[in-house]
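See below for data_19.cif, which holds mmCIF, C-alpha atoms.
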data_data
#
loop_
_atom_site.label_atom_id
_atom_site.label_comp_id
_atom_site.auth_asym_id
_atom_site.auth_seq_id
_atom_site.Cartn_x
_atom_site.Cartn_y
_atom_site.Cartn_z
CA MET A 1 132.00 71.50 36.18
CA SER A 2 130.90 73.57 39.15
CA ASN A 3 128.40 76.33 38.39
CA VAL A 4 129.03 78.15 41.64
CA ASP A 5 129.81 81.86 41.25
CA GLY A 6 133.07 83.53 42.27
CA PRO A 7 132.02 84.95 45.65
CA SER A 8 130.52 81.60 46.69
CA ARG A 9 133.73 79.85 45.70
CA MET A 10 135.75 82.24 47.85
CA LYS A 11 133.48 81.55 50.82
CA THR A 12 133.96 77.85 50.19
CA LEU A 13 137.73 78.23 50.13
CA PHE A 14 137.69 80.00 53.48
CA ALA A 15 135.31 77.45 55.00
CA GLY A 16 137.42 74.53 53.83
CA ALA A 17 140.64 76.29 54.80
CA ILE A 18 139.56 77.17 58.33
CA GLY A 19 138.96 73.53 59.15
CA ASN A 20 142.38 72.50 57.93
CA PHE A 21 143.88 75.52 59.66
CA VAL A 22 142.35 74.47 62.99
CA GLU A 23 143.21 70.80 62.44
CA TRP A 24 146.87 71.40 61.75
CA TYR A 25 147.24 74.01 64.45
CA ASP A 26 145.74 71.50 66.87
CA PHE A 27 147.55 68.46 65.54
CA ALA A 28 151.00 70.06 65.26
CA LEU A 29 151.10 71.44 68.80
CA TYR A 30 151.72 67.94 70.09
CA GLY A 31 154.96 67.78 68.15
CA PHE A 32 156.07 71.25 69.18
CA PHE A 33 155.63 70.49 72.89
CA ALA A 34 156.59 66.80 72.76
CA THR A 35 159.52 67.13 75.15
CA THR A 36 157.42 69.08 77.66
CA ILE A 37 154.53 66.63 77.40
CA ALA A 38 156.97 63.76 77.92
CA ALA A 39 158.19 65.32 81.16
CA GLN A 40 154.63 65.94 82.37
CA PHE A 41 153.18 62.51 81.62
CA PHE A 42 156.21 60.20 81.89
CA PRO A 43 158.47 61.74 84.58
CA GLU A 44 159.42 58.35 86.05
CA THR A 45 161.55 57.46 83.00
CA ASP A 46 164.66 59.01 81.44
CA GLY A 47 164.22 61.75 78.84
CA THR A 48 164.75 59.55 75.77
CA THR A 49 162.35 56.86 76.94
CA ALA A 50 159.73 59.43 77.94
CA LEU A 51 159.98 60.98 74.47
CA LEU A 52 159.57 57.55 72.87
CA TYR A 53 156.43 56.95 74.95
CA THR A 54 155.11 60.36 73.93
CA PHE A 55 155.63 59.69 70.24
CA SER A 56 154.24 56.17 70.65
CA ILE A 57 150.96 57.73 71.72
CA PHE A 58 151.24 60.04 68.74
CA GLY A 59 151.78 57.02 66.50
CA VAL A 60 148.96 54.92 67.97
CA SER A 61 146.54 57.75 67.30
CA PHE A 62 147.14 57.19 63.58
CA MET A 63 145.26 53.92 63.90
CA ALA A 64 142.14 56.03 64.34
CA ARG A 65 142.69 58.04 61.16
CA PRO A 66 141.54 55.34 58.70
CA LEU A 67 138.49 54.76 60.87
CA GLY A 68 137.77 58.48 60.85
CA ALA A 69 138.25 58.66 57.09
CA ILE A 70 135.80 55.78 56.57
CA ALA A 71 133.23 57.15 59.01
CA PHE A 72 133.35 60.74 57.78
CA GLY A 73 133.60 59.63 54.16
CA HIS A 74 130.37 57.68 54.65
CA LEU A 75 128.72 60.64 56.38
CA SER A 76 129.94 63.01 53.70
CA ASP A 77 128.39 60.88 50.95
CA ARG A 78 125.16 60.27 52.86
CA ILE A 79 124.29 63.55 54.59
CA GLY A 80 126.59 66.02 52.83
CA ARG A 81 130.09 67.47 52.96
CA ARG A 82 129.16 70.49 55.07
CA PRO A 83 127.64 68.71 58.12
CA ALA A 84 130.43 66.12 58.14
CA LEU A 85 133.07 68.85 58.12
CA SER A 86 131.28 70.75 60.89
CA ILE A 87 131.40 67.67 63.13
CA SER A 88 135.06 66.95 62.36
CA VAL A 89 136.32 70.40 63.33
CA LEU A 90 134.47 70.22 66.66
CA LEU A 91 135.84 66.77 67.51
CA MET A 92 139.39 67.76 66.61
CA SER A 93 139.30 70.81 68.85
CA ALA A 94 137.65 68.86 71.69
CA GLY A 95 140.62 66.50 71.69
CA THR A 96 143.10 69.37 71.63
CA VAL A 97 141.45 71.35 74.42
CA GLY A 98 141.27 68.09 76.37
CA ILE A 99 145.05 67.70 76.18
CA GLY A 100 145.47 71.24 77.51
CA LEU A 101 143.23 70.47 80.49
CA LEU A 102 144.54 67.01 81.36
CA PRO A 103 146.13 66.50 84.79
CA GLY A 104 149.66 65.19 84.64
CA TYR A 105 151.39 62.17 86.18
CA ALA A 106 152.03 64.08 89.40
CA ASP A 107 148.26 64.47 89.88
CA ILE A 108 146.74 61.13 88.85
CA GLY A 109 149.64 58.83 88.09
CA ALA A 110 149.63 56.51 85.09
CA THR A 111 145.97 57.32 84.36
CA ALA A 112 147.18 60.60 82.87
CA ALA A 113 148.90 58.74 80.02
CA PHE A 114 145.72 56.80 79.20
CA LEU A 115 143.71 60.01 79.08
CA LEU A 116 146.36 61.54 76.83
CA LEU A 117 146.01 58.55 74.51
CA ALA A 118 142.21 58.94 74.47
CA ALA A 119 142.51 62.61 73.48
CA ARG A 120 144.99 61.75 70.75
CA LEU A 121 142.72 59.01 69.40
CA LEU A 122 139.88 61.52 69.19
CA GLN A 123 142.17 63.89 67.29
CA GLY A 124 143.26 61.12 64.94
CA PHE A 125 139.68 60.03 64.26
CA SER A 126 138.52 63.54 63.40
CA ALA A 127 141.67 64.34 61.40
CA GLY A 128 141.04 61.30 59.22
CA GLY A 129 137.71 62.76 58.19
CA GLU A 130 138.81 66.38 57.97
CA SER A 131 141.72 66.04 55.56
CA SER A 132 139.96 64.19 52.77
CA SER A 133 136.52 65.76 53.21
CA ALA A 134 137.83 69.32 53.13
CA SER A 135 139.80 68.66 49.95
CA VAL A 136 136.79 67.08 48.25
CA PHE A 137 134.53 69.94 49.37
CA VAL A 138 136.87 72.59 47.97
CA ILE A 139 137.75 70.78 44.74
CA GLU A 140 134.09 70.09 43.94
CA HIS A 141 133.59 73.87 43.87
CA ALA A 142 136.57 74.43 41.53
CA PRO A 143 135.99 75.69 37.98
CA GLU A 144 137.16 73.58 35.04
CA GLY A 145 140.93 73.43 34.68
CA ARG A 146 141.71 74.87 38.12
CA ARG A 147 141.41 71.90 40.44
CA GLY A 148 145.14 71.88 41.09
CA ARG A 149 145.10 75.51 42.16
CA TYR A 150 142.14 74.96 44.46
CA ALA A 151 143.85 71.92 45.98
CA SER A 152 146.92 74.08 46.62
CA TYR A 153 144.82 76.46 48.71
CA VAL A 154 143.90 73.56 50.99
CA LEU A 155 147.60 72.87 51.53
CA ILE A 156 148.23 76.56 52.19
CA SER A 157 145.68 76.40 55.01
CA VAL A 158 147.59 73.42 56.43
CA ALA A 159 150.83 75.40 56.36
CA LEU A 160 149.19 78.50 57.85
CA GLY A 161 147.77 76.47 60.71
CA THR A 162 151.18 75.01 61.40
CA VAL A 163 152.89 78.42 61.17
CA PHE A 164 150.32 79.83 63.58
CA GLY A 165 151.12 76.99 65.96
CA ILE A 166 154.84 77.77 65.66
CA LEU A 167 154.27 81.46 66.39
CA VAL A 168 152.09 80.70 69.40
CA SER A 169 154.72 78.26 70.66
CA LEU A 170 157.46 80.85 70.21
CA LEU A 171 155.33 83.42 72.01
CA MET A 172 154.75 81.15 74.99
CA SER A 173 158.44 80.24 75.09
CA SER A 174 159.42 83.92 75.10
CA ILE A 175 156.99 85.17 77.77
CA THR A 176 157.50 82.31 80.24
CA ASN A 177 160.55 80.89 81.92
CA ALA A 178 161.38 77.18 81.81
CA ASP A 179 159.42 76.35 84.99
CA GLN A 180 156.33 78.30 83.91
CA LEU A 181 156.36 76.72 80.45
CA ALA A 182 156.60 73.23 81.94
CA SER A 183 153.91 73.96 84.53
CA TRP A 184 151.16 75.75 82.60
CA GLY A 185 152.57 77.65 79.60
CA TRP A 186 152.46 74.66 77.23
CA ARG A 187 148.75 74.19 77.98
CA VAL A 188 147.66 77.64 76.77
CA PRO A 189 148.03 76.97 73.00
CA PHE A 190 146.01 73.76 73.34
CA ILE A 191 143.16 75.47 75.20
CA ALA A 192 143.19 78.29 72.62
CA ALA A 193 141.81 75.78 70.10
CA ALA A 194 138.31 76.30 71.54
CA PRO A 195 137.60 79.72 69.99
CA LEU A 196 139.26 78.61 66.74
CA ALA A 197 136.82 75.72 66.53
CA LEU A 198 133.85 78.05 66.98
CA VAL A 199 135.11 80.28 64.16
CA GLY A 200 135.52 77.24 61.91
CA LEU A 201 132.03 75.97 62.71
CA TYR A 202 130.51 79.40 62.05
CA LEU A 203 132.14 79.67 58.62
CA ARG A 204 131.19 76.16 57.58
CA LEU A 205 127.55 76.60 58.51
CA ARG A 206 127.36 79.67 56.27
CA VAL A 207 128.45 78.09 52.97
CA HIS A 208 126.45 76.13 50.43
CA GLU A 209 126.69 72.39 50.06
CA SER A 210 128.93 70.96 47.37
CA PRO A 211 127.31 71.27 43.89
CA ALA A 212 128.23 67.65 43.10
CA PHE A 213 126.54 66.33 46.25
CA SER A 214 123.51 68.59 45.80
CA GLU A 215 123.05 67.27 42.26
CA LEU A 216 123.21 63.65 43.39
CA GLN A 217 120.81 64.37 46.24
CA THR A 218 118.31 66.10 43.93
CA GLU A 219 118.41 63.23 41.45
CA GLY A 220 118.06 60.62 44.22
CA ARG A 221 121.36 58.94 43.29
CA LEU A 222 123.00 58.86 46.73
CA GLU A 223 124.54 55.46 47.49
CA SER A 224 123.38 53.62 50.60
CA ALA A 225 126.85 52.06 50.98
CA PRO A 226 129.24 54.50 49.23
CA ILE A 227 132.45 52.80 50.38
CA VAL A 228 131.37 49.43 48.98
CA GLN A 229 130.42 51.07 45.70
CA ALA A 230 133.74 52.91 45.53
CA PHE A 231 135.69 49.65 45.76
CA LYS A 232 133.49 48.14 43.07
CA VAL A 233 134.09 50.85 40.49
CA ALA A 234 137.51 52.31 41.44
CA LYS A 235 139.41 49.72 43.47
CA ARG A 236 142.77 49.98 41.68
CA PRO A 237 142.99 53.81 41.63
CA MET A 238 142.00 53.91 45.30
CA LEU A 239 144.73 51.45 46.32
CA ILE A 240 147.33 53.38 44.32
CA LEU A 241 146.26 56.64 45.93
CA ILE A 242 146.33 55.07 49.40
CA GLY A 243 149.92 53.97 48.83
CA PHE A 244 150.92 57.40 47.57
CA ALA A 245 149.19 59.10 50.49
CA MET A 246 151.07 56.84 52.92
CA SER A 247 154.45 57.93 51.55
CA ASN A 248 153.39 61.56 51.62
CA SER A 249 152.17 61.26 55.23
CA VAL A 250 155.48 59.82 56.38
CA ALA A 251 157.35 62.80 54.95
CA SER A 252 154.76 65.27 56.21
CA TYR A 253 154.83 64.12 59.82
CA LEU A 254 158.60 63.84 59.88
CA VAL A 255 158.64 67.57 59.17
CA THR A 256 155.60 68.53 61.25
CA SER A 257 156.01 66.54 64.44
CA PHE A 258 159.37 64.76 64.59
CA LEU A 259 161.66 67.52 63.37
CA VAL A 260 161.55 69.81 66.42
CA ALA A 261 162.23 66.98 68.86
CA HIS A 262 165.03 65.64 66.64
CA LEU A 263 166.75 69.01 66.37
CA THR A 264 166.55 69.70 70.11
CA THR A 265 167.72 66.25 71.25
CA THR A 266 170.17 65.16 68.52
CA ALA A 267 171.46 68.32 66.86
CA GLN A 268 171.43 70.21 70.17
CA PHE A 269 169.42 73.12 68.77
CA THR A 270 167.45 75.23 71.21
CA GLN A 271 163.65 75.06 71.10
CA THR A 272 163.57 78.51 69.50
CA GLN A 273 166.12 77.59 66.83
CA SER A 274 164.20 74.42 66.00
CA LEU A 275 160.94 76.30 65.62
CA ILE A 276 162.62 78.87 63.38
CA VAL A 277 163.79 76.07 61.06
CA LEU A 278 160.26 74.70 60.99
CA LEU A 279 158.84 78.16 60.34
CA VAL A 280 161.10 78.57 57.31
CA ALA A 281 160.02 75.13 56.09
CA TYR A 282 156.36 76.03 56.17
CA VAL A 283 156.84 79.36 54.46
CA VAL A 284 158.55 77.42 51.66
CA LEU A 285 155.70 74.88 51.74
CA MET A 286 153.11 77.63 51.20
CA CYS A 287 155.04 79.16 48.28
CA GLY A 288 155.70 75.74 46.79
CA SER A 289 152.04 74.74 46.92
CA LEU A 290 151.13 77.66 44.65
CA VAL A 291 153.69 76.46 42.12
CA ALA A 292 152.49 72.88 42.53
CA GLY A 293 148.85 73.77 41.91
CA ARG A 294 149.65 75.45 38.62
CA ALA A 295 151.97 72.62 37.61
CA ILE A 296 149.18 70.09 38.19
CA ASP A 297 146.73 72.05 36.04
CA THR A 298 149.36 72.38 33.29
CA LEU A 299 151.24 69.06 33.35
CA GLY A 300 148.71 66.75 34.97
CA ARG A 301 148.56 65.12 38.39
CA LYS A 302 150.42 61.92 37.47
CA ARG A 303 153.59 63.60 36.19
CA VAL A 304 153.78 65.93 39.17
CA ALA A 305 153.07 63.13 41.65
CA VAL A 306 155.73 60.75 40.31
CA GLY A 307 158.41 63.41 39.82
CA SER A 308 157.97 64.99 43.25
CA ALA A 309 157.86 61.62 45.05
CA ILE A 310 161.19 60.59 43.50
CA GLY A 311 162.74 63.95 44.35
CA LEU A 312 161.46 63.79 47.93
CA GLY A 313 162.93 60.34 48.47
CA LEU A 314 166.33 61.39 47.14
CA TRP A 315 166.47 64.66 49.10
CA ALA A 316 165.38 63.18 52.44
CA VAL A 317 168.54 61.09 52.96
CA PRO A 318 171.14 63.91 52.83
CA THR A 319 168.78 66.15 54.79
CA PHE A 320 168.62 63.93 57.86
CA ILE A 321 172.33 63.08 57.63
CA TYR A 322 173.12 66.80 57.69
CA LEU A 323 170.73 67.48 60.58
CA GLU A 324 172.79 65.24 62.86
CA HIS A 325 175.41 67.97 63.30
CA GLY A 326 174.34 70.88 61.12
CA THR A 327 173.97 74.61 61.65
CA VAL A 328 170.70 76.53 61.83
CA ILE A 329 171.21 78.17 58.42
CA GLY A 330 172.13 74.85 56.81
CA ALA A 331 169.13 73.19 58.42
CA CYS A 332 166.88 75.90 56.95
CA VAL A 333 168.29 75.16 53.47
CA PHE A 334 167.97 71.38 53.67
CA VAL A 335 164.59 71.33 55.40
CA GLY A 336 163.35 74.08 53.08
CA GLY A 337 164.21 71.87 50.09
CA LEU A 338 162.34 69.00 51.73
CA ALA A 339 159.32 71.25 52.28
CA PHE A 340 159.34 72.45 48.67
CA LEU A 341 159.21 68.89 47.32
CA LEU A 342 156.64 67.97 49.96
CA SER A 343 154.36 70.76 48.72
CA PHE A 344 154.09 68.98 45.35
CA THR A 345 153.33 65.53 46.76
CA SER A 346 150.84 66.94 49.26
CA THR A 347 148.99 69.01 46.66
CA THR A 348 148.56 66.02 44.36
CA THR A 349 147.36 63.89 47.26
#
Will you turn the file into structure tokens for me?
Amino acid sequence: MSNVDGPSRMKTLFAGAIGNFVEWYDFALYGFFATTIAAQFFPETDGTTALLYTFSIFGVSFMARPLGAIAFGHLSDRIGRRPALSISVLLMSAGTVGIGLLPGYADIGATAAFLLLAARLLQGFSAGGESSSASVFVIEHAPEGRRGRYASYVLISVALGTVFGILVSLLMSSITNADQLASWGWRVPFIAAAPLALVGLYLRLRVHESPAFSELQTEGRLESAPIVQAFKVAKRPMLILIGFAMSNSVASYLVTSFLVAHLTTTAQFTQTQSLIVLLVAYVVLMCGSLVAGRAIDTLGRKRVAVGSAIGLGLWAVPTFIYLEHGTVIGACVFVGGLAFLLSFTSTTT
């Protein structure tokens, strides 16, 4: 059990949360501006094909996430949670700012797409380390019997980062016309990640190291090859968790990155209407995570994980059928239900 006092725990929560906030603000912007990015980097193809190319780059970047998780997991177990998290938030924001500064196809041709891919790979690599490391850092500071609640705060930071991205996107859409948004307006939210990264770094450098890591370091029990040791002693639980995390990630990114593009191209929603639906979803996600955290501490992680995964699978089918030709209010209801169930699976993950 952690022996860290209350004020230190609160500082830890903010430090862990700011990294996830920055990560998901950064990472989600790509989905919000996918149609604009497609036009900027793939103008020689039709709209549907350009969007497929854009999301292909988004998908390829996920290949870097396991590598980032392994690399940062190793660093976290060797040099500490705090320095690993400080590096991850800087790399994530470097990739995001890079996207905002990239020249488009009109300036450098096909090279622009390769640079976009490089920036996305950097984001994916750092995100792989950020997600797991931040959760471990926060949970290791949690008092006995409240790990679920502390895990829920990590998810709230994810939702807040996404909501902030939505609000910034709505702001840019409202203060620019279509030509201005396509020319330079979409770049502003990406470049704004720079000061957010500095805030995140500042907060993380001012908190104490995880009590669990500090204890291992003091006793000289740090593993030289922590990943190898983990597979030796906990192979089966790790594989089960990896499978569960995969299903959760599919649902999460359908909501975070695919939803806006789907609503604007298939359901013929405006960009503003699509972002409003997503905003409602993430408000529900934040509220649901609080319920999920308390349910985990009361009922146990396994019951909550299995029940929410089944519910999510059943609810997803009618949701996407409805979104083919639904209304904005109906979309808010269906997507809100999806977000509520997602809050339970994500908190347990």
When distances are computed from only C-alpha atoms, which of A:Ser157, A:Gln217, A:Thr36, A:Ser289 shows the smallest separation from Thr348 of chain A?
-> A:Ser289
Check which residues satisfy the PyMOL selection byres ((chain A and resi 184-191) around 12) in the file shown, then give them as a PyMOL selection string.
-> chain A and resi 22-40+92-104+119+164-183+192-197
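Take the candidates A:Val228, A:Ile57, A:Val335, A:Ile139 and check each one against Tyr282 of chain A using only C-alpha atoms; the shortest distance goes to A:Val335.
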Select, from A:Gly124, A:Gly129, A:Gly148, A:Gly19, the residue with the minimum atom-to-atom distance to Val304 of chain A, counting all atoms listed in the file.
->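 Using all atoms listed in the file, Val304 of chain A sits closest to A:Gly148.
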Identify which of the residues A:Ile227, A:Glu44, A:Thr319, A:Ala245 lies closest to Ser132 of chain A, counting all atoms listed in the file when measuring atom-to-atom distances.
-> A:Ala245
Listed atoms of segment 301-310 of chain A boxed axis-aligned with 6 Å per side, centre + edges as JSON:
{"center_x": 154.9, "center_y": 63.3, "center_z": 40.6, "size_x": 24.6, "size_y": 17.3, "size_z": 20.9}
